[in-house]
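The structure appears below as structure tokens.
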Amino acid sequence: MSPIEIIYEDEDILVVNKPAGLPMHPNLDKSRENLVDTIKKMRSPDLYLGIHQRLDLQTSGVVLFSKNTRVNPSLARQFNEHSVKKIYWALVLSPGHLRQREWECNIPLGEPLKRGGAVTWNRPNCKSACTIFRLIQRQGKLLWLEATLKSGRKHQIRAHLAAQKMPILGDTLYRGSTAVEIKNQTVNFPRVILHARQLSLVHPTTGKQLEFIAELPRELEEIWQLCHLTF
């Protein structure tokens, strides 16, 4: 495993760019690499890492950890109150004509019916969920979307896009396509094309407003180029 990119670090918090395919924390398989243990190998085995957010296994991007228990209450409050701004990038196929470039999705979401399965939506006991979507760029039927979370449900962006008949490319759990034709060339999507691009919050000690950006990993940069998407 290559070293994890450190976006920001001080005595209270650590912000990294998580690679896709790396679990957040240890599980029953002690031999399996995970983000927490990888960071500890880079820094110190005794480093405290408080988890306040989680990214799915196949999702890359910005993740914040606390480095001491003193700052946990402030961070927990900000995440629980949804005052932390979380922005993601995703690639999808358009289901047809987009009526607007920015829209709000308020489809209630539930829990998966089985372990490792897709979450449910619009069913009894589903909970409110809100995502703001914005079209960044279009290339034929391909849409590059920005998604801003206003709540924090499991698989929220993935499920909201699937419910709108726009599953994320590479997201086989929600029936997303794994390959498309772009300008007479086949582009393959080996994993969920979802990246946690930006995280903004108030520093738990200084009170300063902070904004962290996670650049696209190399495999997504190559996909953006193959899809003729420009920054």
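Identifiers in this document derive from the order of the structure tokens: chains are assigned A, B, ..., residues are numbered from 1 separately in each chain, and ligands are numbered from 1 in order of occurrence.
Every protein or nucleic acid residue with an atom no more than 10 Å from range 136-138 of chain A, counting only C-alpha atoms and leaving out same-chain residues fewer than 2 positions away, appears here: A:Trp89, A:Ala90, A:Leu91, A:Val92, A:Leu93, A:Ser94, A:Arg101, A:Glu102, A:Phe133, A:Arg134, A:Gly140, A:Lys141, A:Leu142, A:Leu143, A:Trp144, A:Leu145, A:Glu146, A:Cys227, A:His228, A:Leu229, A:Thr230, A:Phe231.
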Contacts of Glu81 in chain A within 12 Å, only C-alpha atoms, excl. fewer than 6 positions in-chain, as a PyMOL selection string:
chain A and resi 73-75+150-152+201
Of the candidates A:Ser60, A:Trp103, A:Val71, A:His97, which one gets nearest to Glu219 in chain A if we count only C-alpha atoms?
A:Ser60
Would you pick out the contacts of range 31-37 of chain A at 8 Å or less, using only C-alpha atoms, so that residues sharing its chain but fewer than 5 positions from it are not included, and give the list as a PyMOL selection string?
chain A and resi 18+22-26+45+49
Test item: residues at most 12 Å from Gln209 in chain A, only C-alpha atoms, excluding those fewer than 4 positions along its chain, as a PyMOL selection string
chain A and resi 83-85+199-205
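Residue-level DSSP output for range 22-53 of chain A, from the backbone, shows alpha helix (DSSP H) at Leu35, Val36, Asp37, Thr38, Ile39, Lys40, Lys41 and Met42 of chain A.
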Only C-alpha atoms, please: the residues just picked out, written as a tab-separated table (two decimals), in the first residue's frame.
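This went into selection.tsv:
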chain	number	residue	atom	x	y	z
A	35	LEU	CA	-7.03	3.17	6.70
A	36	VAL	CA	-6.59	3.49	10.48
A	37	ASP	CA	-3.77	0.93	10.73
A	38	THR	CA	-2.05	2.29	7.61
A	39	ILE	CA	-1.95	5.80	9.11
A	40	LYS	CA	-0.61	4.43	12.40
A	41	LYS	CA	2.17	2.67	10.53
A	42	MET	CA	3.04	6.02	8.93
DSSP on the backbone, strand (DSSP E or B) only: what residues of range 91-214 of chain A does that give? Format it as JSON, numbers by chain.
{"A": [91, 92, 93, 102, 103, 104, 105, 109, 110, 111, 112, 119, 120, 121, 127, 131, 132, 133, 134, 135, 136, 137, 138, 139, 142, 143, 144, 145, 146, 147, 148, 149, 168, 179, 180, 181, 182, 185, 186, 187, 188, 194, 195, 196, 197, 198, 199, 200, 201, 202, 209, 210, 211, 212, 213]}
Can you tell me which residues surround Pro95 in chain A at a distance of at most 9 Å, considering only C-alpha atoms, apart from same-chain residues fewer than 4 positions away, and format the answer as a VMD selection string?
chain A and resid 141 164 to 166
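In this structure, CA of Val180 in chain A sits 16.4 Å away from CA of Leu194 in chain A.
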Near-Ala179 in chain A list (9 Å; only C-alpha atoms; drop same-chain fewer than 4 positions) as a PyMOL selection string:
chain A and resi 169-170+186-190
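A straight line drawn from CA of Arg218 in chain A to CA of Ile132 in chain A is 26.6 Å long.
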Near-Ala163 in chain A list (12 Å; only C-alpha atoms; drop same-chain fewer than 5 positions) as a VMD selection string:
chain A and resid 95 105 to 109 118 to 122 155 to 158 168 174 to 176
Kindly export the residues of the current selection with N, CA and C atoms, as a PDB file, in the first residue's frame.
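Generated output (result19.pdb):
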ATOM      1  N   PRO A  95     -30.615   9.945 -17.543  1.00  0.00           N
ATOM      2  CA  PRO A  95     -31.794   9.154 -17.914  1.00  0.00           C
ATOM      3  C   PRO A  95     -32.597   9.819 -19.031  1.00  0.00           C
ATOM      4  N   CYS A 105     -32.826  16.526  -3.764  1.00  0.00           N
ATOM      5  CA  CYS A 105     -33.454  15.210  -3.656  1.00  0.00           C
ATOM      6  C   CYS A 105     -33.779  14.938  -2.193  1.00  0.00           C
ATOM      7  N   ASN A 106     -35.050  14.619  -1.917  1.00  0.00           N
ATOM      8  CA  ASN A 106     -35.500  14.374  -0.544  1.00  0.00           C
ATOM      9  C   ASN A 106     -36.173  13.011  -0.405  1.00  0.00           C
ATOM     10  N   ILE A 107     -35.596  12.003  -1.012  1.00  0.00           N
ATOM     11  CA  ILE A 107     -36.157  10.653  -0.954  1.00  0.00           C
ATOM     12  C   ILE A 107     -35.755   9.994   0.360  1.00  0.00           C
ATOM     13  N   PRO A 108     -36.703   9.570   1.198  1.00  0.00           N
ATOM     14  CA  PRO A 108     -36.371   8.913   2.475  1.00  0.00           C
ATOM     15  C   PRO A 108     -35.621   7.599   2.240  1.00  0.00           C
ATOM     16  N   LEU A 109     -34.644   7.317   3.113  1.00  0.00           N
ATOM     17  CA  LEU A 109     -33.820   6.125   2.962  1.00  0.00           C
ATOM     18  C   LEU A 109     -33.903   5.241   4.200  1.00  0.00           C
ATOM     19  N   ALA A 118     -28.132  -3.301  -0.877  1.00  0.00           N
ATOM     20  CA  ALA A 118     -28.498  -1.920  -1.145  1.00  0.00           C
ATOM     21  C   ALA A 118     -29.498  -1.428  -0.101  1.00  0.00           C
ATOM     22  N   VAL A 119     -29.464  -0.154   0.184  1.00  0.00           N
ATOM     23  CA  VAL A 119     -30.442   0.411   1.111  1.00  0.00           C
ATOM     24  C   VAL A 119     -31.789   0.530   0.412  1.00  0.00           C
ATOM     25  N   THR A 120     -32.831   0.632   1.193  1.00  0.00           N
ATOM     26  CA  THR A 120     -34.183   0.789   0.663  1.00  0.00           C
ATOM     27  C   THR A 120     -34.544   2.272   0.610  1.00  0.00           C
ATOM     28  N   TRP A 121     -35.574   2.587  -0.151  1.00  0.00           N
ATOM     29  CA  TRP A 121     -36.071   3.968  -0.158  1.00  0.00           C
ATOM     30  C   TRP A 121     -37.586   3.967  -0.357  1.00  0.00           C
ATOM     31  N   ASN A 122     -38.191   5.039   0.147  1.00  0.00           N
ATOM     32  CA  ASN A 122     -39.652   5.221   0.062  1.00  0.00           C
ATOM     33  C   ASN A 122     -40.428   4.032   0.618  1.00  0.00           C
ATOM     34  N   HIS A 155     -25.095   5.066   2.314  1.00  0.00           N
ATOM     35  CA  HIS A 155     -25.177   5.024   0.848  1.00  0.00           C
ATOM     36  C   HIS A 155     -26.030   6.160   0.283  1.00  0.00           C
ATOM     37  N   GLN A 156     -26.100   7.287   0.976  1.00  0.00           N
ATOM     38  CA  GLN A 156     -27.076   8.315   0.601  1.00  0.00           C
ATOM     39  C   GLN A 156     -26.963   8.766  -0.854  1.00  0.00           C
ATOM     40  N   ILE A 157     -25.771   9.162  -1.284  1.00  0.00           N
ATOM     41  CA  ILE A 157     -25.625   9.653  -2.658  1.00  0.00           C
ATOM     42  C   ILE A 157     -25.891   8.534  -3.648  1.00  0.00           C
ATOM     43  N   ARG A 158     -25.349   7.362  -3.382  1.00  0.00           N
ATOM     44  CA  ARG A 158     -25.532   6.222  -4.275  1.00  0.00           C
ATOM     45  C   ARG A 158     -27.013   5.870  -4.415  1.00  0.00           C
ATOM     46  N   ILE A 168     -24.651   5.542 -10.041  1.00  0.00           N
ATOM     47  CA  ILE A 168     -23.273   5.952 -10.292  1.00  0.00           C
ATOM     48  C   ILE A 168     -22.579   4.895 -11.147  1.00  0.00           C
ATOM     49  N   TYR A 174     -26.031  -0.911  -7.158  1.00  0.00           N
ATOM     50  CA  TYR A 174     -27.221  -0.137  -7.534  1.00  0.00           C
ATOM     51  C   TYR A 174     -27.436  -0.139  -9.052  1.00  0.00           C
ATOM     52  N   ARG A 175     -26.875  -1.165  -9.719  1.00  0.00           N
ATOM     53  CA  ARG A 175     -27.072  -1.398 -11.148  1.00  0.00           C
ATOM     54  C   ARG A 175     -26.466  -0.301 -12.017  1.00  0.00           C
ATOM     55  N   GLY A 176     -25.361   0.227 -11.577  1.00  0.00           N
ATOM     56  CA  GLY A 176     -24.642   1.202 -12.393  1.00  0.00           C
ATOM     57  C   GLY A 176     -23.817   0.496 -13.464  1.00  0.00           C
TER      58      GLY A 176
END
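Coordinates place CA of Gly61 in chain A at a distance of 19.2 Å from CA of Asp10 in chain A.
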